[in-house]
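Visitor: One file: model_8.txt (compact mmCIF, C-alpha atoms).
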```
# COMPACT_ATOMS: atom_id res chain seq x y z
CA MET A 1 -12.93 -6.68 3.85
CA LYS A 2 -14.21 -6.29 0.29
CA LEU A 3 -16.65 -3.55 -0.55
CA PHE A 4 -18.33 -5.74 -3.15
CA LYS A 5 -18.23 -9.47 -3.64
CA LYS A 6 -18.79 -10.19 -7.31
CA ARG A 7 -17.85 -13.10 -9.50
CA TYR A 8 -16.68 -12.64 -13.04
CA HIS A 9 -16.68 -14.99 -15.98
CA LEU A 10 -13.57 -15.66 -18.00
CA PRO A 11 -12.93 -13.13 -20.78
CA GLY A 12 -14.82 -14.08 -23.91
CA THR A 13 -17.65 -15.85 -22.10
CA PRO A 14 -20.96 -15.29 -23.95
CA PRO A 15 -23.38 -12.92 -22.17
CA GLY A 16 -26.12 -14.65 -20.23
CA THR A 17 -23.94 -17.63 -19.29
CA LEU A 18 -25.16 -19.09 -16.01
CA ILE A 19 -22.54 -20.47 -13.62
CA SER A 20 -23.32 -21.47 -10.03
CA ASN A 21 -21.92 -19.22 -7.36
CA GLU A 22 -19.61 -20.93 -4.88
CA SER A 23 -21.79 -19.73 -2.00
CA ALA A 24 -24.82 -21.44 -3.55
CA LEU A 25 -23.26 -24.87 -3.09
CA SER A 26 -23.38 -24.59 0.72
CA GLN A 27 -26.43 -22.32 1.05
CA THR A 28 -29.98 -23.50 1.68
CA VAL A 29 -32.37 -22.11 -0.92
CA LYS A 30 -35.98 -21.63 0.12
CA SER A 31 -38.79 -20.74 -2.25
CA ASN A 32 -42.41 -19.77 -1.62
CA LEU A 33 -45.16 -19.31 -4.15
CA PHE A 34 -47.59 -16.62 -3.01
CA TYR A 35 -50.70 -15.58 -4.90
CA TYR A 36 -53.85 -13.76 -3.94
CA ASP A 37 -57.10 -12.28 -5.13
CA THR A 38 -59.55 -9.90 -3.49
CA ASN A 39 -60.75 -12.57 -1.05
CA GLN A 40 -57.85 -14.75 0.11
CA THR A 41 -54.17 -15.56 -0.12
CA PHE A 42 -52.23 -18.76 -0.79
CA ASP A 43 -48.64 -19.49 0.20
CA ILE A 44 -47.01 -22.70 -1.06
CA GLU A 45 -43.59 -23.74 0.25
CA GLN A 46 -40.94 -25.32 -1.97
CA PRO A 47 -43.10 -25.61 -5.11
CA GLU A 48 -41.96 -27.54 -8.16
CA ILE A 49 -40.95 -25.72 -11.32
CA LYS A 50 -44.06 -26.86 -13.17
CA GLU A 51 -46.32 -25.67 -10.35
CA ILE A 52 -44.51 -22.34 -10.36
CA SER A 53 -44.91 -21.95 -14.10
CA ASP A 54 -48.61 -22.88 -14.10
CA THR A 55 -49.41 -20.53 -11.21
CA LEU A 56 -47.43 -17.52 -12.44
CA THR A 57 -48.88 -17.71 -15.94
CA SER A 58 -52.47 -18.30 -14.82
CA LYS A 59 -52.79 -16.00 -11.80
CA ASN A 60 -52.68 -12.23 -12.25
CA GLN A 61 -51.53 -11.54 -8.69
CA SER A 62 -48.77 -14.06 -8.00
CA TRP A 63 -45.39 -13.72 -6.37
CA LEU A 64 -42.52 -16.21 -6.21
CA ARG A 65 -39.97 -15.35 -3.55
CA VAL A 66 -36.65 -17.16 -3.38
CA SER A 67 -34.30 -16.79 -0.41
CA GLY A 68 -30.66 -17.72 -0.97
CA ARG A 69 -28.67 -17.87 -4.18
CA PRO A 70 -29.90 -20.73 -6.39
CA GLU A 71 -27.78 -23.06 -8.50
CA ALA A 72 -27.36 -22.39 -12.20
CA SER A 73 -29.35 -25.44 -13.32
CA TRP A 74 -32.40 -24.54 -11.21
CA MET A 75 -32.14 -20.90 -12.27
CA LYS A 76 -31.98 -21.82 -15.93
CA GLU A 77 -34.98 -24.15 -15.67
CA LEU A 78 -37.00 -21.50 -13.86
CA GLY A 79 -35.99 -18.79 -16.32
CA GLU A 80 -37.04 -20.84 -19.30
CA SER A 81 -40.39 -21.77 -17.74
CA VAL A 82 -41.45 -18.21 -16.74
CA ASN A 83 -39.44 -16.26 -19.33
CA LEU A 84 -36.82 -14.48 -17.21
CA HIS A 85 -34.24 -12.59 -19.23
CA PRO A 86 -30.85 -14.41 -19.37
CA LEU A 87 -28.81 -11.27 -18.64
CA ALA A 88 -30.83 -10.64 -15.51
CA GLN A 89 -30.44 -14.28 -14.46
CA GLU A 90 -26.68 -13.89 -14.83
CA ASP A 91 -26.75 -10.84 -12.54
CA VAL A 92 -28.61 -12.83 -9.90
CA LEU A 93 -26.06 -15.64 -9.90
CA ASN A 94 -22.99 -13.40 -10.03
CA GLY A 95 -24.10 -10.96 -7.35
CA GLY A 96 -22.34 -7.73 -6.42
CA GLN A 97 -24.60 -5.56 -8.58
CA ARG A 98 -25.27 -1.90 -7.94
CA ALA A 99 -28.86 -0.89 -7.36
CA LYS A 100 -30.39 -0.39 -10.79
CA LEU A 101 -33.48 -0.67 -12.97
CA GLU A 102 -33.33 -2.50 -16.29
CA ALA A 103 -36.23 -2.62 -18.74
CA TYR A 104 -36.47 -5.75 -20.88
CA GLU A 105 -39.25 -6.81 -23.20
CA ASN A 106 -42.47 -7.05 -21.12
CA GLN A 107 -40.35 -7.20 -17.98
CA LEU A 108 -38.65 -4.91 -15.45
CA PHE A 109 -35.57 -6.03 -13.56
CA ILE A 110 -34.79 -4.17 -10.31
CA VAL A 111 -31.76 -4.61 -8.05
CA MET A 112 -31.72 -3.31 -4.47
CA ASN A 113 -28.95 -3.54 -1.87
CA LEU A 114 -29.90 -4.18 1.75
CA PRO A 115 -27.45 -3.66 4.64
CA GLU A 116 -27.53 -6.18 7.47
CA ARG A 117 -25.78 -6.03 10.82
CA LYS A 118 -23.96 -9.29 11.55
CA SER A 119 -21.82 -9.49 14.68
CA GLU A 120 -19.75 -6.30 14.52
CA THR A 121 -19.69 -5.83 10.75
CA ILE A 122 -22.10 -4.70 8.05
CA THR A 123 -22.81 -7.04 5.15
CA ILE A 124 -24.68 -6.16 1.98
CA GLU A 125 -27.39 -8.51 0.81
CA HIS A 126 -29.00 -8.22 -2.62
CA LEU A 127 -32.63 -8.19 -3.62
CA TYR A 128 -33.57 -8.90 -7.25
CA LEU A 129 -37.07 -8.31 -8.65
CA PHE A 130 -38.43 -9.63 -11.95
CA TRP A 131 -41.66 -7.74 -12.56
CA THR A 132 -44.07 -8.60 -15.36
CA ASP A 133 -47.71 -7.79 -16.00
CA LYS A 134 -48.96 -10.94 -14.30
CA TYR A 135 -46.41 -11.98 -11.72
CA LEU A 136 -43.45 -10.99 -9.58
CA VAL A 137 -40.31 -13.06 -8.93
CA THR A 138 -37.88 -11.97 -6.20
CA PHE A 139 -34.50 -13.35 -5.21
CA TYR A 140 -32.96 -12.36 -1.90
CA THR A 141 -29.50 -13.49 -0.88
CA GLY A 142 -30.30 -13.22 2.83
CA SER A 143 -32.81 -15.05 4.99
CA ASP A 144 -36.55 -15.31 4.36
CA CYS A 145 -37.17 -13.26 7.55
CA LEU A 146 -36.97 -10.12 5.43
CA TYR A 147 -40.54 -10.60 4.19
CA THR A 148 -42.06 -11.38 7.61
CA PRO A 149 -43.21 -7.76 8.34
CA LEU A 150 -44.71 -7.50 4.84
CA LEU A 151 -46.59 -10.80 5.11
CA LYS A 152 -47.96 -9.76 8.51
CA ARG A 153 -49.02 -6.46 6.98
CA ILE A 154 -50.85 -8.26 4.17
CA GLN A 155 -52.67 -10.48 6.66
CA ALA A 156 -53.58 -7.52 8.87
CA ALA A 157 -54.79 -5.34 5.99
CA GLY A 158 -56.85 -8.12 4.43
CA PRO A 159 -59.05 -7.07 1.48
CA ARG A 160 -57.66 -3.52 1.50
CA PHE A 161 -54.23 -4.75 0.50
CA LEU A 162 -55.47 -7.56 -1.74
CA SER A 163 -57.55 -5.14 -3.78
CA HIS A 164 -54.40 -3.41 -5.04
CA LYS A 165 -52.62 -4.46 -8.19
CA LEU A 166 -49.13 -5.93 -8.42
CA ASP A 167 -47.45 -2.52 -8.52
CA PHE A 168 -48.49 -1.91 -4.92
CA LEU A 169 -46.81 -5.17 -3.86
CA VAL A 170 -43.65 -4.04 -5.68
CA TYR A 171 -43.79 -0.72 -3.87
CA SER A 172 -44.22 -2.50 -0.52
CA ILE A 173 -41.14 -4.66 -1.16
CA LEU A 174 -39.06 -1.67 -2.26
CA ASP A 175 -40.18 0.32 0.77
CA LEU A 176 -39.22 -2.60 3.02
CA ALA A 177 -35.81 -2.88 1.34
CA ILE A 178 -35.08 0.84 1.72
CA ASP A 179 -36.19 1.02 5.34
CA THR A 180 -33.80 -1.77 6.38
CA SER A 181 -31.05 0.87 6.33
CA PHE A 182 -32.52 2.85 9.21
CA PRO A 183 -31.83 0.33 12.03
CA VAL A 184 -28.27 -0.10 10.74
CA LEU A 185 -27.78 3.68 10.67
CA GLU A 186 -29.20 4.00 14.17
CA ASP A 187 -26.67 1.46 15.41
CA LEU A 188 -23.85 3.32 13.66
CA GLY A 189 -24.99 6.55 15.31
CA LEU A 190 -24.80 4.95 18.76
CA GLN A 191 -21.31 3.67 17.97
CA LEU A 192 -20.17 7.14 16.92
CA GLU A 193 -21.50 8.64 20.16
CA SER A 194 -19.73 5.95 22.20
CA LEU A 195 -16.47 6.58 20.35
CA GLU A 196 -16.75 10.30 20.97
CA GLU A 197 -17.15 9.71 24.71
CA ARG A 198 -14.13 7.38 24.71
CA LEU A 199 -12.06 9.99 22.91
CA ILE A 200 -12.95 12.66 25.43
CA GLU A 201 -12.15 10.41 28.39
CA CYS A 202 -9.04 8.59 27.17
CA ALA A 203 -7.93 7.87 23.62
CA ASP A 204 -5.78 4.82 22.87
CA LYS A 205 -4.86 2.67 19.88
CA SER A 206 -7.99 0.52 20.24
CA THR A 207 -10.09 3.66 19.82
CA LEU A 208 -8.28 4.51 16.59
CA HIS A 209 -8.88 0.96 15.36
CA ASP A 210 -12.61 1.29 16.08
CA ILE A 211 -12.72 4.65 14.28
CA HIS A 212 -11.18 3.17 11.13
CA LYS A 213 -13.54 0.20 11.38
CA ILE A 214 -16.68 2.31 11.56
CA LYS A 215 -15.44 4.59 8.75
CA ARG A 216 -15.00 1.50 6.57
CA GLN A 217 -18.54 0.39 7.39
CA ILE A 218 -19.88 3.81 6.42
CA ILE A 219 -18.04 3.55 3.09
CA ILE A 220 -19.56 0.11 2.44
CA LEU A 221 -23.02 1.42 3.31
CA ARG A 222 -22.62 4.51 1.13
CA HIS A 223 -21.52 2.51 -1.93
CA ALA A 224 -24.45 0.13 -1.50
CA VAL A 225 -27.24 2.62 -0.80
CA TRP A 226 -26.29 5.60 -2.97
CA PRO A 227 -27.56 4.19 -6.34
CA GLN A 228 -30.96 3.29 -4.85
CA ARG A 229 -32.02 6.92 -5.04
CA ASP A 230 -31.50 6.93 -8.82
CA THR A 231 -33.29 3.59 -9.13
CA ILE A 232 -36.44 4.85 -7.41
CA ASN A 233 -36.22 8.12 -9.33
CA GLN A 234 -36.01 6.19 -12.60
CA LEU A 235 -39.10 4.19 -11.65
CA LEU A 236 -40.94 7.42 -10.77
CA ARG A 237 -40.11 8.96 -14.14
CA ASP A 238 -41.21 5.85 -16.01
CA GLU A 239 -44.03 6.84 -18.35
CA SER A 240 -45.14 3.31 -19.17
CA HIS A 241 -47.95 1.31 -17.62
CA TRP A 242 -45.92 -0.24 -14.82
CA VAL A 243 -46.79 2.17 -11.99
CA SER A 244 -50.26 3.64 -11.48
CA ASP A 245 -50.79 7.19 -10.29
CA SER A 246 -51.93 6.05 -6.85
CA VAL A 247 -48.80 3.93 -6.31
CA ASN A 248 -46.62 6.67 -7.74
CA LEU A 249 -47.53 8.78 -4.72
CA TYR A 250 -46.21 6.07 -2.38
CA LEU A 251 -43.04 5.72 -4.43
CA ARG A 252 -42.33 9.40 -3.89
CA ASP A 253 -42.32 8.65 -0.17
CA CYS A 254 -39.74 5.91 -0.83
CA HIS A 255 -37.70 8.44 -2.77
CA ASP A 256 -37.79 10.79 0.23
CA HIS A 257 -36.54 7.95 2.44
CA THR A 258 -33.54 7.44 0.17
CA PHE A 259 -32.66 11.12 0.59
CA GLN A 260 -32.98 10.83 4.37
CA ILE A 261 -30.71 7.80 4.37
CA MET A 262 -28.08 9.52 2.27
CA ASP A 263 -28.20 12.62 4.48
CA LEU A 264 -27.61 10.43 7.54
CA ILE A 265 -24.76 8.58 5.84
CA GLU A 266 -23.07 11.84 4.84
CA SER A 267 -23.50 13.17 8.38
CA TYR A 268 -21.98 9.99 9.82
CA ARG A 269 -19.18 10.16 7.27
CA GLU A 270 -18.30 13.68 8.40
CA ALA A 271 -18.63 12.61 12.04
CA GLY A 272 -16.20 9.75 11.44
CA SER A 273 -13.66 12.11 9.91
CA SER A 274 -14.16 14.51 12.82
CA LEU A 275 -13.55 11.66 15.28
CA HIS A 276 -10.29 10.87 13.52
CA ASP A 277 -9.22 14.51 13.76
CA LEU A 278 -10.34 14.57 17.39
CA TYR A 279 -8.23 11.50 18.11
CA LEU A 280 -5.14 13.11 16.58
CA SER A 281 -5.80 16.31 18.52
CA SER A 282 -6.32 14.35 21.73
CA VAL A 283 -3.08 12.42 21.26
CA SER A 284 -1.24 15.64 20.43
CA MET A 285 -2.63 17.40 23.52
CA ARG A 286 -1.76 14.43 25.68
CA MET A 287 1.79 14.46 24.34
CA ASN A 288 2.01 18.21 24.95
CA ASP A 289 0.87 17.73 28.55
CA ILE A 290 3.49 15.04 29.08
CA MET A 291 6.24 17.17 27.53
CA ARG A 292 5.17 20.17 29.61
CA VAL A 293 5.39 18.18 32.87
CA LEU A 294 8.78 16.74 31.92
CA THR A 295 10.04 20.18 30.88
CA ILE A 296 8.95 21.72 34.19
CA ILE A 297 10.62 18.93 36.16
CA ALA A 298 13.83 19.33 34.18
CA THR A 299 13.69 23.11 34.55
CA LEU A 300 13.23 22.84 38.32
CA PHE A 301 16.32 20.65 38.68
CA ILE A 302 18.58 22.80 36.49
CA PRO A 303 19.39 25.41 39.24
CA MET A 304 19.51 22.66 41.88
CA THR A 305 22.02 20.75 39.77
CA PHE A 306 24.05 23.94 39.37
CA ILE A 307 24.11 24.57 43.15
CA ALA A 308 25.01 20.94 43.87
CA GLY A 309 27.79 21.12 41.27
CA VAL A 310 29.28 24.29 42.74
CA TYR A 311 29.42 22.96 46.28
CA GLY A 312 30.57 19.58 45.10
CA MET A 313 33.87 21.00 43.84
CA ASN A 314 35.26 21.37 47.46
CA PHE A 315 37.95 23.89 46.39
CA GLY A 316 40.08 25.10 49.35
CA SER A 317 38.34 23.04 52.00
CA GLU A 318 41.66 22.38 53.80
CA SER A 319 43.42 25.75 53.15
CA ASN A 320 43.26 29.23 54.56
CA SER A 321 43.05 30.85 51.12
CA PRO A 322 40.83 33.92 50.92
CA TRP A 323 39.35 32.34 47.71
CA ALA A 324 38.25 29.15 49.46
CA MET A 325 34.58 28.33 49.99
CA PRO A 326 33.61 29.64 53.44
CA GLU A 327 30.34 27.66 53.37
CA LEU A 328 32.29 24.38 53.59
CA LYS A 329 33.29 25.21 57.14
CA TRP A 330 29.87 26.46 58.24
CA THR A 331 28.05 24.44 60.89
CA LEU A 332 24.75 24.98 59.02
CA GLY A 333 26.26 24.73 55.53
CA TYR A 334 24.42 21.55 54.59
CA PRO A 335 20.98 22.81 55.74
CA PHE A 336 21.74 26.08 53.94
CA VAL A 337 22.17 24.25 50.63
CA TRP A 338 18.87 22.43 51.12
CA PHE A 339 17.24 25.74 51.86
CA LEU A 340 18.57 27.02 48.53
CA PHE A 341 17.17 23.98 46.77
CA ILE A 342 13.68 24.38 48.26
CA ALA A 343 13.63 28.15 47.88
CA THR A 344 14.74 28.00 44.24
CA GLY A 345 12.14 25.34 43.39
CA GLY A 346 9.38 27.23 45.21
CA ILE A 347 10.18 30.50 43.48
CA MET A 348 10.18 28.80 40.06
CA LEU A 349 6.87 27.04 40.73
CA PHE A 350 5.35 30.36 41.82
CA TRP A 351 6.61 31.98 38.61
CA PHE A 352 5.23 29.13 36.44
CA ARG A 353 1.79 29.43 38.00
CA LYS A 354 1.82 33.22 37.60
CA LYS A 355 2.60 32.76 33.89
CA ARG A 356 -0.10 30.03 33.66
CA TRP A 357 2.38 27.45 32.49
CA LEU A 358 1.01 24.98 35.02
```
Would you encode the structure as structure tokens?
Guide:
Amino acid sequence: MKLFKKRYHLPGTPPGTLISNESALSQTVKSNLFYYDTNQTFDIEQPEIKEISDTLTSKNQSWLRVSGRPEASWMKELGESVNLHPLAQEDVLNGGQRAKLEAYENQLFIVMNLPERKSETITIEHLYLFWTDKYLVTFYTGSDCLYTPLLKRIQAAGPRFLSHKLDFLVYSILDLAIDTSFPVLEDLGLQLESLEERLIECADKSTLHDIHKIKRQIIILRHAVWPQRDTINQLLRDESHWVSDSVNLYLRDCHDHTFQIMDLIESYREAGSSLHDLYLSSVSMRMNDIMRVLTIIATLFIPMTFIAGVYGMNFGSESNSPWAMPELKWTLGYPFVWFLFIATGGIMLFWFRKKRWL
């Protein structure tokens, strides 16, 4: 499993060269043109490039959201019509970018990484924001369902939300992107608790496999989320006109969320390492218990083997030699030997328990 999936151009390729990603050929791309004023909102599905260009350049509060990775030709046409920087367009098509903030002429380019839980693995989707004075363009490599809570929030808030400027919409999207990590972290926490219970009850190779798997997921999550703290911090420290003082207060809350997420990830990282150590200790203790039982069994049979060996020699059984074994002619000789066996084993078991070896 790769930590990052990023395409690279051939060495010597001019910067800003747009080449379609292989995943874009089989991926459905959905676009929505959303704009609003203080009274109402409009949401147009699958708009044409000309309609996008006319709306973004004429409306002060407009937002184009694209779900899926577009083809290079469509991206180039859109970039030329609404003036998206070529280097940023290249980042969108290549993918695999770290969270960052780039300032171009009259334009901010923001990259955010969003973890998603698919089946039993964590995948990292990418959110790209082109922010200008008049409009906002976002590209998200995942499904359009990401924006559903935000759109419901806009509808519920009504004029209160629509009265804000575009920076508040940017904050809302960034806050949504950051908070997507919390459900994933909650699921990882439940997995760690389950693994700990399995280790205490009975550790096997499947448990070790699951420990390595969850540690790998934590590494993926850490690499994806860590730079987001610096990105939000960079936006907070920006002294230009992009963020108003009122929105800056909300961004500080986003910054606090990034710290909470990183604290949780570091805690889970330590917990994963502790689970690995606990597994090794559990296996070692289990092996010690097995060796202790086998050692006690072997120790118990050592004197019995000695007694059986002595009486199995049968020296002088048919002679009247004073050095012959008298026990061989005893009527109760055989029961006597078994008495020795049982008595010897019982005495040794009593001694082991007294020494707390059992």
Visitor: Which is closer to Ser194 in chain A than all the others in A:Ile302, A:Val310, A:Leu275, A:Ser244, using all atoms listed in the file?
Guide: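 Ranked by minimum distance to Ser194 in chain A, first place goes to A:Leu275.
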Visitor: Looking at A:Leu146, A:Leu169, A:Val184, A:Ala157, which one is nearest to His126 in chain A, with distances taken over only C-alpha atoms?
Guide: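 Of A:Leu146, A:Leu169, A:Val184, A:Ala157, the one nearest His126 in chain A is A:Leu146, counting only C-alpha atoms.
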Visitor: Any chance you could tabulate, as a Markdown table, the residues of range 84-143 of chain A at most 9 Å from range 45-59 of chain A with each one's nearest atom pair and distance in Å to one decimal, using only C-alpha atoms, in chain and rising number order?
Guide:
```
| residue | atom | partner | partner_atom | distance |
| --- | --- | --- | --- | --- |
| A:Lys134 | CA | A:Lys59 | CA | 6.8 |
| A:Tyr135 | CA | A:Leu56 | CA | 5.7 |
| A:Leu136 | CA | A:Leu56 | CA | 8.2 |
```
Visitor: Pick the closest to Val137 in chain A from A:Leu93, A:Ala99, A:Leu33, A:Ala72: which is it, counting only C-alpha atoms?
Guide: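 Closest candidate: A:Leu33.
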Visitor: Counting all atoms listed in the file, which residues of range 74-193 of chain A sit at most 6 Å from some atom of range 221-238 of chain A, and what is each one's closest atom pair with its distance in Å to one decimal, listed by chain and rising residue number, as a Markdown table?
Guide:
```
| residue | atom | partner | partner_atom | distance |
| --- | --- | --- | --- | --- |
| A:Ala99 | CA | A:Gln228 | CA | 5.3 |
| A:Lys100 | CA | A:Thr231 | CA | 5.2 |
| A:Leu101 | CA | A:Thr231 | CA | 5.7 |
| A:Asn113 | CA | A:Ala224 | CA | 5.8 |
```
Visitor: Would you export the selected residues with C-alpha atoms as a PDB file, in the frame of the given file, please?
Guide:
```pdb
ATOM      1  CA  ALA A  99     -28.860  -0.890  -7.360  1.00  0.00           C
ATOM      2  CA  LYS A 100     -30.390  -0.390 -10.790  1.00  0.00           C
ATOM      3  CA  LEU A 101     -33.480  -0.670 -12.970  1.00  0.00           C
ATOM      4  CA  ASN A 113     -28.950  -3.540  -1.870  1.00  0.00           C
TER       5      ASN A 113
END
```
Visitor: Hey, which of A:Phe336, A:Gln40, A:Tyr35, A:Met291 ends up closest to Arg160 in chain A? Count all atoms listed in the file.
Guide: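 Closest to Arg160 in chain A, using all atoms listed in the file: A:Gln40.
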Visitor: Could you name the residues that touch Glu116 in chain A at 10 Å or less, counting only C-alpha atoms, but leaving out those on the same chain fewer than 6 positions away, as a ChimeraX atom specification?
Guide: /A:122-125,142,180-181,183-184,221
Visitor: Kindly give the distance, in Å, that separates CA of Gln217 in chain A and CA of Arg98 in chain A, rounded to a single decimal.
Guide: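 Result for CA of Gln217 in chain A versus CA of Arg98 in chain A: 16.9 Å, one decimal.
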